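What follows is a short report on a single structure.
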Amino acid sequence: MTTSSPAQRVRPAIGQRSSRFVSTLVVIVILAALLVFFVLPAIWLLLAPTKTAYQMEHSFPLSFGSFSQLDRAWQHLTSFQGGAIWGWLKNSAVYSAGALVLTLATSVPAGYALALTKFRGRRLLLTVTLVVMIMPSAALVLPIFLELNLFHLIGTVWSIILPFSFYPFGVYLVYIYFATSLPRDMLSAARIDGASEWRVFSRIALPLARPVIGLVAFFSFVGNWNNFFLPYLVLPSSSQFPIQVGLNQLLSSTPSFNPVAGKGLDITSPELALAIIIAIVPVLVLFLFSQRALVSGMLAGSTKG
Amino acid sequence: MRSSRITMARRRRRPIALAAAVAAGAALALSGCASATQTDTGSSSAFKEATQVPGSAITVWTDSTRLPDVQKYQKEHPDVKMNIVTYDGSADGSTYLQTKVQLFDRTGKGWPDVVFASPTDVTWASVPTSPSAQAFAAPVDQLVPTSTLDNFAKGSLSPCQVGGHTYCLRNDIAQVVLWYNKTLMDRWGYQVPTTWEQYQALGEKVAKQHPGYVIGSIGDTNSQESYFWSSQCPAQQLVAQNTLKVDLSSPDCTRMADLLDPLIADKSVSTQGFFTQGFNGSKVLMAVGPSWYGQYVFDSAFKTPAKEIAAAPPLKWDGQTATYTGDVGGGIWMISSHSTNIKAATALAEWLTTSTSNLENAPTYPAYVPGAKAWLANPANKDYFADDVTQVFINAANEVWTGWSNTKFSDATPWSNAVLPALTAGKSLSAALPTWQTAIVNEAKSAGYTVVTK
Amino acid sequence: MTTAEIERSTAPAAAGPARRSQRRRAGLAGYLFVSGYTAMLLAFGVFPTGYSIYLAFTNNQGQFTGLGQFTKVIQDFRFGSAFINIGVYLVMWLVLVVILTVVTAVILRSRVRPGLSAVLRFLFYLPGALAGVASVLVWLFMLSPSVSPASGLLRALGFSTFDQVLAPSNLPVILVLIAFWTGAGGWIVVMYGALNNIPDEVLEAARADGAGPWRTAWHIQIPMIRKWIVYMGILAFASGTQLFVEPQLLETASLQRVSPTWSPNQLAYVFAFQYGDFNAAAAISVFLLVLGLIVATLLVTRSGLFKVGDE
């Protein structure tokens, strides 16, 4: 990645210099504003569980409370309904990971075939994919529910994993990647050399597709981890809830938002903030690990053509 | 290359032709089509027990407030197999239970055996959700002795009664009383008002002498039940089956709006709800609200010290002999008609709503009269207050006006969506009444009611 | 892909018996490769969509009702406001997300040192982890003048209580803020990746021609990632029309000050589960689908998104 260019090395004229100053200023202002917008709520969230509900209202919003209060919030949260939050996290992990495996197994070959092989119905498949991508999810949840019921899957993990693993966005992402970044003649050459289609896919296309696979895996996992609507509707029992639906249950049990239902419960704003943090830790860790791969991968995979 | 383009263009034309054909077909078929309105799902009296499996496990859905009661039952009856699930308890207009029952009706399994819910839920639970389904709630009058039902507080079972049957057992009632901070009232030498007119006068005095203090709030999702219900305002009155009277221009409604507007203007009645984040509870001199305000609002939310808060009888209007009051919430228990162990389900629901050993420690004022007596006899329920609330609670429980009907839609929705934002924006309550009227009428019509205004 | 490559791949020299069998083989393999996904697509995409359309044209007795369900929902008092709400929201959301993510990606790609750029991308993406329920909960606090770190700003704008912030006219802005906070970072990462794919020689050439960074961005970089921008536009539009969780949670947490039928999806939900009228709910979904199709078709045909696929 080179940002210094020949143009920069040439000494600019006076007028250019001042316009350059203005444009740098614009860049700095935009970045700083975005930085505050994106980061400030996150910092606030990290600090919130260290304070009591009273301190949250009356002390400086970005102040640190105490570790003992953090510990207290932790105790309250983990004792809510006998440690329900651990069950929710485990459920989320099972649903998201199960769906991830199925998503990759189906969407990568499909995106590849759509971009680089020829078969009748290819255009139709692409168009249908696009149409389904924009179909409102709420409209699909009910028929999906009836369908799952038909196959006696309601109440099982499959009622979440199977719909989650249908991921047209992923197919489309892989399709665009292969269509724009992988030279077709490379594959034709391999085919003429007598390589089987499977060999072409697994030995040539797949290794080159690593960055986009990472991207699909990442988006699919994060999307499923954060999905709320389907599990909210389909799962009958709260012991099967993923963490997102669990958060909703915490919200409706919090005296701050539902004073009638929550008397005597220790779930207040700090506990809620702590629950949010716990809910996002897996996704954050994943991002930390894949961040470099995501960006450098896109770069390495480009074919410069 | 060129030839492939031509075939592409040809292929493209096909879907268009197809679409045209479909459209033409649809237009033709339009002439003879059925009505789009939902066909009525028939009478609700046909209750057929599911095949009973003695000793089978029962599933209980409860809100977190009543969870300890259910757990206590399990402890006392270890032989009953129970599966306890916590959910939002249908509070604040939640439709979680309704949604799930709709889905269970379609799968034909999964219903909980016993549920805690809000009175609004009875309106849908007592009728089948689809032609092939059976109403979710079992008629408890066929399961529980009449003598037991007769012991519930007057009118407290009326939300449960649909078409001659009773579909739920009332858990608690939320009769509206006048809460006040006795310490402050004594210190400032104020008399506790007994009429709405005195209440207004006091508000104006407080605004001048102790600005910042409030004598009530109109900004909660249930404030209309505290004020307009007590004023006998016909906001949603069932006058015949499926006919709802909505008349907010009635003097019984406008008198309350006129009474409150000056108080809203001088800020002695807050437009911010007691339950809003950041409400300053230390400045509450008085509150018109249900019996559970004592424990829930003053004790746990406002953290007002013990022995400061007292309850006075509900306010009446000058010249009026009878006192009427409102009712804010109050839960119910329903038994599923699909239960395969209806005996165990009934036993649990009965124990929860009528057993003295449970009710004397209940979190809110029991609807079952002997239970309410036991509750009031338990010092733990009264220790917090500056005065004895027994008589106030008992009397008010019998003064709930019955003209505010239990409807298929939550009365909180039109109030919170139409009136509260207007008040926050600085409009007067009187000016917001027509908006409120339209909102209720709209909700009622889409819920299938015939609306009359007289 | 350059024209030279296209010519090579379709060169007549490759025609002949060998080429034909190769093509047949490729066709068969193509079917195998898409089989898993096609099964999923049929089960969780096509079938539910078809079933929704079927429901929208029938009543609960299964009788054909023509456009009856559609006229019924149009006449509902909440229909107009729900679609106006979502329309206002969509316009604001699309304009903001397209302009800001592209501008930011361009800046991060060409005006910031790589190390700093990576850090900033990470920080911008960070809130993406809080999509859905978590983001709404965080913003409930952010918008509550009593606890917000930006309470000074809120007060300066004339909001001293949470209720005032939640005035109906502010909702589209609030929802755009939430959506941008959680969603924009991810798109910045994607746009950045797309910009990275532009060969350095192209940019060098532009610079040699004397184009400044902004002109390079406008004339070279942005046109070259147009496909990604359209892709983002379609998805942002789709996610916008499908708004459900955010207003639903705002309604719960604001103790019902926000309408339970703020968005069309919520209205469909109310129809389905409060009135048990799945047919009307399906009719609303079909409206949303048609709306989405029109916009997607416009975007796709105007941008040539399918061009590569046509070769």
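Please note that chains go A, B, ... in the order of the structure tokens, that every chain numbers its residues from 1, and that ligands are numbered from 1 in the order shown.
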_Show me, as a PyMOL selection string, the residues of chain B whose atoms get within 9 Å of chain A, using only C-alpha atoms for the distance check._
chain B and resi 63-66+85-89+91-92+96+99-100+103-104+106-107+110-111+275-278+292+295-297+300-301+363
Writer output for current selection, N, CA and C atoms, as a short mmCIF file (atom, residue, chain, number, x, y, z; two decimals), in the first residue's frame:
```cif
data_model
loop_
_atom_site.label_atom_id
_atom_site.label_comp_id
_atom_site.auth_asym_id
_atom_site.auth_seq_id
_atom_site.Cartn_x
_atom_site.Cartn_y
_atom_site.Cartn_z
N ASP B 63 -44.63 -14.28 35.14
CA ASP B 63 -43.72 -13.13 35.08
C ASP B 63 -42.75 -13.26 36.25
N SER B 64 -41.69 -12.45 36.23
CA SER B 64 -40.66 -12.64 37.25
C SER B 64 -41.18 -12.28 38.64
N THR B 65 -42.21 -11.40 38.71
CA THR B 65 -42.72 -11.01 40.02
C THR B 65 -43.41 -12.18 40.73
N ARG B 66 -44.11 -13.02 39.98
CA ARG B 66 -44.83 -14.13 40.60
C ARG B 66 -44.03 -15.43 40.59
N VAL B 85 -41.43 -21.49 33.37
CA VAL B 85 -40.81 -20.61 32.38
C VAL B 85 -41.14 -19.16 32.74
N THR B 86 -40.15 -18.30 32.74
CA THR B 86 -40.40 -16.88 33.02
C THR B 86 -40.55 -16.13 31.69
N TYR B 87 -41.52 -15.24 31.62
CA TYR B 87 -41.63 -14.40 30.43
C TYR B 87 -42.13 -13.02 30.87
N ASP B 88 -42.40 -12.14 29.90
CA ASP B 88 -42.69 -10.75 30.30
C ASP B 88 -44.06 -10.58 30.98
N GLY B 89 -44.82 -11.64 31.09
CA GLY B 89 -46.08 -11.56 31.80
C GLY B 89 -47.13 -10.72 31.10
N ALA B 91 -47.06 -7.80 30.24
CA ALA B 91 -47.18 -6.46 30.81
C ALA B 91 -47.03 -5.39 29.72
N ASP B 92 -47.55 -4.20 29.98
CA ASP B 92 -47.37 -3.04 29.09
C ASP B 92 -47.76 -3.31 27.65
N TYR B 96 -46.51 -11.00 23.41
CA TYR B 96 -45.68 -12.21 23.33
C TYR B 96 -46.52 -13.48 23.49
N THR B 99 -48.86 -14.05 20.52
CA THR B 99 -48.09 -14.51 19.37
C THR B 99 -47.79 -15.99 19.47
N LYS B 100 -47.30 -16.39 20.65
CA LYS B 100 -46.92 -17.79 20.82
C LYS B 100 -48.13 -18.71 20.71
N LEU B 103 -49.01 -19.37 17.23
CA LEU B 103 -48.10 -20.32 16.61
C LEU B 103 -48.38 -21.74 17.10
N PHE B 104 -48.62 -21.89 18.41
CA PHE B 104 -48.91 -23.23 18.94
C PHE B 104 -50.20 -23.78 18.33
N ARG B 106 -51.15 -23.39 15.46
CA ARG B 106 -50.82 -23.90 14.14
C ARG B 106 -50.00 -25.19 14.20
N THR B 107 -49.12 -25.30 15.20
CA THR B 107 -48.35 -26.54 15.30
C THR B 107 -49.14 -27.63 16.02
N GLY B 110 -47.38 -27.49 22.24
CA GLY B 110 -46.48 -26.51 22.82
C GLY B 110 -47.12 -25.55 23.81
N TRP B 111 -48.46 -25.58 23.93
CA TRP B 111 -49.12 -24.62 24.82
C TRP B 111 -48.67 -24.80 26.26
N PHE B 275 -42.55 6.49 35.59
CA PHE B 275 -41.69 5.40 35.18
C PHE B 275 -40.64 5.82 34.17
N THR B 276 -40.66 7.09 33.77
CA THR B 276 -39.67 7.54 32.80
C THR B 276 -38.30 7.53 33.44
N GLN B 277 -37.30 7.17 32.63
CA GLN B 277 -35.91 7.24 33.08
C GLN B 277 -35.61 8.65 33.58
N GLY B 278 -35.03 8.73 34.73
CA GLY B 278 -34.58 10.01 35.22
C GLY B 278 -35.65 10.84 35.92
N TRP B 292 -50.63 -0.75 44.03
CA TRP B 292 -49.23 -1.22 44.03
C TRP B 292 -48.20 -0.09 43.93
N GLN B 295 -45.57 0.01 47.08
CA GLN B 295 -44.36 -0.81 47.10
C GLN B 295 -43.48 -0.55 45.87
N TYR B 296 -44.12 -0.43 44.70
CA TYR B 296 -43.35 -0.43 43.47
C TYR B 296 -42.78 0.94 43.12
N VAL B 297 -43.61 1.97 43.30
CA VAL B 297 -43.14 3.29 42.88
C VAL B 297 -42.40 3.98 44.02
N SER B 300 -39.62 0.97 45.90
CA SER B 300 -38.49 0.45 45.12
C SER B 300 -37.97 1.42 44.07
N ALA B 301 -38.83 2.23 43.44
CA ALA B 301 -38.31 3.13 42.40
C ALA B 301 -37.83 4.46 42.98
N PRO B 363 -47.08 -10.30 46.17
CA PRO B 363 -46.45 -8.99 45.92
C PRO B 363 -47.46 -7.86 45.73
#
```
If you take only C-alpha atoms and a cut-off of 7 Å, which residues of chain C touch chain B, and what are their nearest atom pairs and distances in Å to one decimal, in chain and number order, as a tab-separated table?
```
residue	atom	partner	partner_atom	distance
C:Asn59	CA	B:Ala36	CA	5.5
C:Asn60	CA	B:Gln38	CA	6.2
C:Gln63	CA	B:Ala34	CA	6.0
C:Phe64	CA	B:Cys33	CA	5.6
C:Thr65	CA	B:Ala34	CA	4.7
C:Gly66	CA	B:Leu30	CA	5.1
C:Gly68	CA	B:Ala36	CA	5.0
C:Gln69	CA	B:Ala36	CA	5.3
C:Phe77	CA	B:Asn442	CA	6.6
C:Ser146	CA	B:Gly278	CA	5.9
C:Asp163	CA	B:Thr424	CA	6.8
C:Gln164	CA	B:Thr424	CA	6.2
C:Ala167	CA	B:Pro421	CA	6.0
C:Leu255	CA	B:Thr221	CA	6.4
C:Gln256	CA	B:Ser416	CA	5.8
C:Arg257	CA	B:Ser416	CA	4.9
C:Val258	CA	B:Asn417	CA	6.2
C:Ser259	CA	B:Asn417	CA	5.5
C:Phe273	CA	B:Thr99	CA	5.0
C:Gln274	CA	B:Gln98	CA	6.9
C:Gly276	CA	B:Thr129	CA	6.2
C:Asp277	CA	B:Gln38	CA	6.9
```
*asked:* Write out as a ChimeraX atom specification the set of residues from region 214-371 of chain B that DSSP, computed on the backbone, places in alpha helix (DSSP H).
replied: /B:223-227,251-265,293,342-354,356-359,369-371
Atoms kept (C-alpha atoms) for selection, written as a PDB file, in the first residue's frame:
```
ATOM      1  CA  SER B 223     -52.221   7.534  33.633  1.00  0.00           C
ATOM      2  CA  GLN B 224     -55.538   7.608  31.772  1.00  0.00           C
ATOM      3  CA  GLU B 225     -56.684   4.685  33.920  1.00  0.00           C
ATOM      4  CA  SER B 226     -55.883   6.605  37.083  1.00  0.00           C
ATOM      5  CA  TYR B 227     -57.581   9.842  36.040  1.00  0.00           C
ATOM      6  CA  PRO B 251     -68.701  15.986  30.265  1.00  0.00           C
ATOM      7  CA  ASP B 252     -67.311  13.112  32.324  1.00  0.00           C
ATOM      8  CA  CYS B 253     -64.161  13.288  30.220  1.00  0.00           C
ATOM      9  CA  THR B 254     -63.869  17.024  29.649  1.00  0.00           C
ATOM     10  CA  ARG B 255     -64.231  17.784  33.349  1.00  0.00           C
ATOM     11  CA  MET B 256     -61.077  15.788  34.033  1.00  0.00           C
ATOM     12  CA  ALA B 257     -59.176  17.434  31.177  1.00  0.00           C
ATOM     13  CA  ASP B 258     -60.287  20.886  32.343  1.00  0.00           C
ATOM     14  CA  LEU B 259     -59.266  20.049  35.897  1.00  0.00           C
ATOM     15  CA  LEU B 260     -55.811  18.860  34.906  1.00  0.00           C
ATOM     16  CA  ASP B 261     -54.896  21.470  32.287  1.00  0.00           C
ATOM     17  CA  PRO B 262     -54.140  24.310  34.752  1.00  0.00           C
ATOM     18  CA  LEU B 263     -52.137  21.877  36.882  1.00  0.00           C
ATOM     19  CA  ILE B 264     -50.167  20.719  33.849  1.00  0.00           C
ATOM     20  CA  ALA B 265     -49.566  24.357  32.958  1.00  0.00           C
ATOM     21  CA  TYR B 293     -47.719   2.281  43.737  1.00  0.00           C
ATOM     22  CA  ILE B 342     -55.993 -30.271  33.683  1.00  0.00           C
ATOM     23  CA  LYS B 343     -56.383 -31.444  37.269  1.00  0.00           C
ATOM     24  CA  ALA B 344     -52.868 -30.428  38.231  1.00  0.00           C
ATOM     25  CA  ALA B 345     -53.153 -27.208  36.209  1.00  0.00           C
ATOM     26  CA  THR B 346     -56.379 -26.245  37.960  1.00  0.00           C
ATOM     27  CA  ALA B 347     -54.948 -27.084  41.377  1.00  0.00           C
ATOM     28  CA  LEU B 348     -51.979 -24.795  40.746  1.00  0.00           C
ATOM     29  CA  ALA B 349     -54.069 -21.894  39.433  1.00  0.00           C
ATOM     30  CA  GLU B 350     -56.442 -22.204  42.363  1.00  0.00           C
ATOM     31  CA  TRP B 351     -53.611 -22.314  44.879  1.00  0.00           C
ATOM     32  CA  LEU B 352     -51.976 -19.241  43.338  1.00  0.00           C
ATOM     33  CA  THR B 353     -55.115 -17.129  43.395  1.00  0.00           C
ATOM     34  CA  THR B 354     -56.990 -18.355  46.484  1.00  0.00           C
ATOM     35  CA  THR B 356     -54.187 -17.866  52.071  1.00  0.00           C
ATOM     36  CA  SER B 357     -50.689 -19.168  52.651  1.00  0.00           C
ATOM     37  CA  ASN B 358     -49.668 -17.842  49.238  1.00  0.00           C
ATOM     38  CA  LEU B 359     -51.715 -14.652  49.189  1.00  0.00           C
ATOM     39  CA  VAL B 369     -61.367 -11.451  49.321  1.00  0.00           C
ATOM     40  CA  PRO B 370     -60.220 -13.873  52.062  1.00  0.00           C
ATOM     41  CA  GLY B 371     -56.747 -13.646  50.576  1.00  0.00           C
TER      42      GLY B 371
END
```
*Could you name the residues that touch Gly155 (chain B) at 10 Å or less, counting only C-alpha atoms, but leaving out those on the same chain fewer than 6 positions away, as number ranges by chain?*
B: 367, 397-402
Mind writing the picked residues with C-alpha atoms as a PDB file, in the first residue's frame?
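File written: part_9.pdb
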```
ATOM      1  CA  ALA B 367     -58.395 -10.131  44.215  1.00  0.00           C
ATOM      2  CA  ALA B 397     -61.484  -2.347  45.748  1.00  0.00           C
ATOM      3  CA  ASN B 398     -65.277  -2.193  45.707  1.00  0.00           C
ATOM      4  CA  GLU B 399     -65.461   1.212  44.044  1.00  0.00           C
ATOM      5  CA  VAL B 400     -63.867   0.367  40.704  1.00  0.00           C
ATOM      6  CA  TRP B 401     -66.083   1.796  37.949  1.00  0.00           C
ATOM      7  CA  THR B 402     -67.213  -1.002  35.591  1.00  0.00           C
TER       8      THR B 402
END
```
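Residue nearest chain A within the list C:Phe287, C:Tyr37, C:Trp93, C:Trp228: C:Tyr37 [criterion: smallest interatomic distance, only C-alpha atoms].
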_Option closest in space to Gly246 (chain A), from C:Phe180, C:Val133, C:Met191, C:Val300 [counting only C-alpha atoms]_ =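 Using only C-alpha atoms, the shortest distance to Gly246 (chain A) belongs to C:Val133.
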*Using only C-alpha atoms, select each residue of chain C with any atom at most 7 Å away from an atom of chain A, and give the selection as JSON, numbers by chain.*
{"C": [1, 2, 9, 26, 27, 29, 30, 33, 34, 36, 37, 40, 41, 44, 45, 48, 49, 51, 52, 107, 110, 123, 124, 127, 129, 130, 131, 132, 133, 134, 142, 146, 147, 148, 149, 181, 193, 196, 197, 198, 199, 207, 208, 238, 242, 253, 265, 282, 285, 288, 289, 292, 293, 308, 309]}
*Tell me, as a ChimeraX atom specification, which residues lie within 12 Å of Ile229 (chain C), counting only C-alpha atoms; anything in the same chain fewer than 3 positions away does not count.*
/C:94-95,97-103,105,187-188,190-192,194-195,221-226,232-237,299-300,303-305
Region 45-60 of chain B environment, 8 Å, only C-alpha atoms, sequence neighbours closer than 3 positions dropped, as a PDB file with N, CA and C atoms, in the first residue's frame:
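Wrote it out as part_28.pdb, contents follow:
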```pdb
ATOM      1  N   VAL B  80     -45.700 -33.018  42.051  1.00  0.00           N
ATOM      2  CA  VAL B  80     -46.211 -32.475  40.790  1.00  0.00           C
ATOM      3  C   VAL B  80     -45.033 -32.144  39.882  1.00  0.00           C
ATOM      4  N   LYS B  81     -45.075 -32.683  38.656  1.00  0.00           N
ATOM      5  CA  LYS B  81     -43.973 -32.393  37.729  1.00  0.00           C
ATOM      6  C   LYS B  81     -44.244 -31.049  37.062  1.00  0.00           C
ATOM      7  N   MET B  82     -43.363 -30.103  37.298  1.00  0.00           N
ATOM      8  CA  MET B  82     -43.597 -28.750  36.772  1.00  0.00           C
ATOM      9  C   MET B  82     -42.414 -28.256  35.960  1.00  0.00           C
ATOM     10  N   ASN B  83     -42.763 -27.497  34.940  1.00  0.00           N
ATOM     11  CA  ASN B  83     -41.755 -26.910  34.072  1.00  0.00           C
ATOM     12  C   ASN B  83     -42.029 -25.403  34.091  1.00  0.00           C
ATOM     13  N   ILE B  84     -41.194 -24.662  34.815  1.00  0.00           N
ATOM     14  CA  ILE B  84     -41.485 -23.246  35.046  1.00  0.00           C
ATOM     15  C   ILE B  84     -40.713 -22.364  34.067  1.00  0.00           C
ATOM     16  N   VAL B  85     -41.428 -21.491  33.373  1.00  0.00           N
ATOM     17  CA  VAL B  85     -40.813 -20.610  32.382  1.00  0.00           C
ATOM     18  C   VAL B  85     -41.143 -19.163  32.743  1.00  0.00           C
ATOM     19  N   PRO B 112     -48.486 -23.701  26.985  1.00  0.00           N
ATOM     20  CA  PRO B 112     -48.295 -23.832  28.427  1.00  0.00           C
ATOM     21  C   PRO B 112     -49.611 -24.238  29.089  1.00  0.00           C
ATOM     22  N   ASP B 113     -49.536 -24.912  30.232  1.00  0.00           N
ATOM     23  CA  ASP B 113     -50.756 -25.376  30.902  1.00  0.00           C
ATOM     24  C   ASP B 113     -51.389 -24.269  31.737  1.00  0.00           C
ATOM     25  N   VAL B 114     -50.538 -23.483  32.379  1.00  0.00           N
ATOM     26  CA  VAL B 114     -51.034 -22.397  33.223  1.00  0.00           C
ATOM     27  C   VAL B 114     -50.219 -21.148  32.877  1.00  0.00           C
ATOM     28  N   VAL B 115     -50.889 -20.009  32.680  1.00  0.00           N
ATOM     29  CA  VAL B 115     -50.145 -18.790  32.378  1.00  0.00           C
ATOM     30  C   VAL B 115     -50.623 -17.614  33.216  1.00  0.00           C
ATOM     31  N   GLN B 134     -59.062 -24.535  18.927  1.00  0.00           N
ATOM     32  CA  GLN B 134     -59.935 -24.411  20.085  1.00  0.00           C
ATOM     33  C   GLN B 134     -59.436 -23.241  20.905  1.00  0.00           C
ATOM     34  N   ALA B 135     -60.384 -22.509  21.532  1.00  0.00           N
ATOM     35  CA  ALA B 135     -59.970 -21.364  22.337  1.00  0.00           C
ATOM     36  C   ALA B 135     -58.922 -21.800  23.345  1.00  0.00           C
ATOM     37  N   ALA B 138     -59.337 -22.324  29.089  1.00  0.00           N
ATOM     38  CA  ALA B 138     -60.412 -23.225  29.497  1.00  0.00           C
ATOM     39  C   ALA B 138     -61.378 -22.456  30.383  1.00  0.00           C
ATOM     40  N   PRO B 139     -62.699 -22.730  30.257  1.00  0.00           N
ATOM     41  CA  PRO B 139     -63.655 -22.049  31.135  1.00  0.00           C
ATOM     42  C   PRO B 139     -63.488 -22.543  32.571  1.00  0.00           C
ATOM     43  N   GLY B 163     -69.258 -14.284  27.165  1.00  0.00           N
ATOM     44  CA  GLY B 163     -70.309 -15.185  26.687  1.00  0.00           C
ATOM     45  C   GLY B 163     -70.804 -16.166  27.730  1.00  0.00           C
ATOM     46  N   HIS B 165     -69.314 -17.492  30.267  1.00  0.00           N
ATOM     47  CA  HIS B 165     -68.321 -18.325  30.944  1.00  0.00           C
ATOM     48  C   HIS B 165     -67.235 -17.452  31.556  1.00  0.00           C
ATOM     49  N   SER B 337     -56.867 -24.920  27.698  1.00  0.00           N
ATOM     50  CA  SER B 337     -57.861 -25.937  27.363  1.00  0.00           C
ATOM     51  C   SER B 337     -57.201 -27.147  26.719  1.00  0.00           C
ATOM     52  N   HIS B 338     -55.913 -27.013  26.379  1.00  0.00           N
ATOM     53  CA  HIS B 338     -55.206 -28.112  25.722  1.00  0.00           C
ATOM     54  C   HIS B 338     -54.419 -28.950  26.721  1.00  0.00           C
ATOM     55  N   SER B 339     -54.481 -28.594  28.001  1.00  0.00           N
ATOM     56  CA  SER B 339     -53.668 -29.276  29.001  1.00  0.00           C
ATOM     57  C   SER B 339     -54.014 -30.760  29.068  1.00  0.00           C
ATOM     58  N   THR B 340     -52.974 -31.580  29.171  1.00  0.00           N
ATOM     59  CA  THR B 340     -53.215 -33.015  29.302  1.00  0.00           C
ATOM     60  C   THR B 340     -53.262 -33.418  30.771  1.00  0.00           C
ATOM     61  N   ASN B 341     -53.093 -32.455  31.642  1.00  0.00           N
ATOM     62  CA  ASN B 341     -53.215 -32.731  33.076  1.00  0.00           C
ATOM     63  C   ASN B 341     -53.963 -31.564  33.702  1.00  0.00           C
ATOM     64  N   ILE B 342     -55.226 -31.461  33.314  1.00  0.00           N
ATOM     65  CA  ILE B 342     -55.993 -30.271  33.683  1.00  0.00           C
ATOM     66  C   ILE B 342     -56.242 -30.231  35.180  1.00  0.00           C
ATOM     67  N   ALA B 344     -54.033 -31.062  37.607  1.00  0.00           N
ATOM     68  CA  ALA B 344     -52.868 -30.428  38.231  1.00  0.00           C
ATOM     69  C   ALA B 344     -52.815 -28.941  37.881  1.00  0.00           C
ATOM     70  N   ALA B 345     -53.168 -28.603  36.632  1.00  0.00           N
ATOM     71  CA  ALA B 345     -53.153 -27.208  36.209  1.00  0.00           C
ATOM     72  C   ALA B 345     -54.149 -26.394  37.015  1.00  0.00           C
TER      73      ALA B 345
END
```
